[in-house]
Amino acid sequence: SYEHLEPRPGSNYRQWFLKGRRVRAALVWHDVHGPDAYTPEELARDYEVPLEAIREALDYTERNWDLIWKEHDEEEEWFRAKGIPF
């Protein structure tokens, strides 16, 4: 159970988002673990959310890898079909 995450009805994504934001949990994970990594504290400040929201998004992503990667692959396929570099 997550206090700071929620599903987004009507979204093409099944993964959860930061409450009240258009920020998917996987984007938070990427921002913390990607090539231009932020600390969770920096990201919480930049998104103007509690640090616990960032921690929940990281936990959610790691517990839902299969869904996260499935959506990533579907998104990549959609972009390629449209001729848009991914």
# chains A, B, ... in the order shown; residues from 1 in each chain; ligands from 1
call {"tool": "select_by_dssp", "arguments": {"residues": "chain A", "states": "strand (DSSP E)", "output": "list of chain:residue names"}}
result
A:Leu5, A:Glu6, A:Phe17, A:Leu18
call {"tool": "select_by_dssp", "arguments": {"residues": "chain A", "states": "helix (DSSP H, G or I)", "output": "count of residues only"}}
result
47
call {"tool": "residues_around", "arguments": {"residues": "A:Tyr60", "least_positions_apart": "2", "cutoff": "10 Å", "atoms": "only C-alpha atoms", "output": "PyMOL selection string"}}
result
chain A and resi 1-2+5+15-17+25-26+29+54-58+62-65+68
call {"tool": "write_last_selection", "arguments": {"atoms": "N, CA, C and O atoms", "output": "short mmCIF file (atom, residue, chain, number, x, y, z; two decimals), in the first residue's frame"}}
result
data_model
loop_
_atom_site.label_atom_id
_atom_site.label_comp_id
_atom_site.auth_asym_id
_atom_site.auth_seq_id
_atom_site.Cartn_x
_atom_site.Cartn_y
_atom_site.Cartn_z
N SER A 1 0.84 -1.18 0.00
CA SER A 1 0.00 0.00 0.00
C SER A 1 0.89 1.24 0.00
O SER A 1 1.82 1.34 0.79
N TYR A 2 0.59 2.16 -0.88
CA TYR A 2 1.40 3.36 -1.03
C TYR A 2 0.56 4.60 -0.75
O TYR A 2 -0.53 4.76 -1.29
N LEU A 5 1.42 7.33 -4.02
CA LEU A 5 1.31 6.88 -5.41
C LEU A 5 -0.14 6.54 -5.70
O LEU A 5 -0.90 6.19 -4.81
N GLN A 15 1.32 1.43 -14.77
CA GLN A 15 2.11 1.70 -13.58
C GLN A 15 1.57 2.93 -12.86
O GLN A 15 0.82 3.72 -13.43
N TRP A 16 1.92 3.07 -11.61
CA TRP A 16 1.39 4.14 -10.80
C TRP A 16 2.21 5.42 -10.93
O TRP A 16 3.37 5.39 -11.36
N PHE A 17 1.58 6.51 -10.56
CA PHE A 17 2.15 7.86 -10.66
C PHE A 17 2.27 8.48 -9.27
O PHE A 17 1.57 8.07 -8.34
N ALA A 25 6.12 6.37 -11.75
CA ALA A 25 7.09 5.83 -10.80
C ALA A 25 8.41 5.48 -11.49
O ALA A 25 9.49 5.74 -10.95
N ALA A 26 8.34 4.91 -12.68
CA ALA A 26 9.56 4.53 -13.40
C ALA A 26 10.41 5.74 -13.76
O ALA A 26 11.64 5.64 -13.81
N TRP A 29 12.46 6.48 -10.74
CA TRP A 29 13.56 5.53 -10.63
C TRP A 29 14.69 5.92 -11.59
O TRP A 29 15.86 5.93 -11.21
N ILE A 54 9.15 9.83 -3.06
CA ILE A 54 10.23 9.35 -3.92
C ILE A 54 10.62 7.94 -3.52
O ILE A 54 10.78 7.05 -4.37
N ARG A 55 10.73 7.71 -2.23
CA ARG A 55 11.08 6.36 -1.75
C ARG A 55 10.02 5.34 -2.16
O ARG A 55 10.35 4.22 -2.55
N GLU A 56 8.75 5.73 -2.07
CA GLU A 56 7.68 4.82 -2.49
C GLU A 56 7.77 4.52 -3.98
O GLU A 56 7.58 3.37 -4.40
N ALA A 57 8.04 5.53 -4.80
CA ALA A 57 8.15 5.32 -6.24
C ALA A 57 9.30 4.37 -6.57
O ALA A 57 9.18 3.51 -7.45
N LEU A 58 10.42 4.51 -5.86
CA LEU A 58 11.56 3.62 -6.08
C LEU A 58 11.19 2.19 -5.69
O LEU A 58 11.47 1.24 -6.43
N GLU A 62 10.83 -1.11 -8.30
CA GLU A 62 11.62 -2.33 -8.11
C GLU A 62 10.74 -3.55 -7.88
O GLU A 62 11.10 -4.66 -8.27
N ARG A 63 9.57 -3.37 -7.31
CA ARG A 63 8.64 -4.49 -7.08
C ARG A 63 7.81 -4.82 -8.32
O ARG A 63 7.13 -5.85 -8.35
N ASN A 64 7.85 -3.96 -9.31
CA ASN A 64 7.00 -4.14 -10.50
C ASN A 64 7.82 -4.08 -11.79
O ASN A 64 7.35 -3.55 -12.81
N TRP A 65 9.03 -4.63 -11.77
CA TRP A 65 9.91 -4.58 -12.94
C TRP A 65 9.24 -5.12 -14.19
O TRP A 65 9.40 -4.56 -15.27
N ILE A 68 6.94 -2.54 -15.58
CA ILE A 68 7.71 -1.36 -16.01
C ILE A 68 8.39 -1.64 -17.36
O ILE A 68 8.29 -0.83 -18.28
#
call {"tool": "closest_residue", "arguments": {"among": "A:Pro40, A:Pro7, A:Pro35, A:Pro85", "to": "A:Val23", "atoms": "only C-alpha atoms"}}
result
A:Pro7
call {"tool": "atom_distance", "arguments": {"atom1": "atom CA of A:Trp69", "atom2": "atom CA of A:Arg45"}}
result
27.0 Å
call {"tool": "atom_distance", "arguments": {"atom1": "atom CA of A:Asp46", "atom2": "atom CA of A:Glu76"}}
result
26.9 Å
call {"tool": "atom_distance", "arguments": {"atom1": "atom CA of A:Val49", "atom2": "atom CA of A:Tyr13"}}
result
21.2 Å
call {"tool": "residues_around", "arguments": {"residues": "A:Phe86", "least_positions_apart": "4", "cutoff": "9 Å", "atoms": "only C-alpha atoms", "output": "list of chain:residue names"}}
result
A:Glu75, A:Glu76, A:Glu77, A:Phe79, A:Arg80
call {"tool": "closest_residue", "arguments": {"among": "A:Glu71, A:Gly10, A:Gly83, A:Asp59", "to": "A:Val28", "atoms": "only C-alpha atoms"}}
result
A:Asp59
call {"tool": "closest_residue", "arguments": {"among": "A:Ser11, A:Glu48, A:Thr61, A:Arg21", "to": "A:His33", "atoms": "only C-alpha atoms"}}
result
A:Thr61
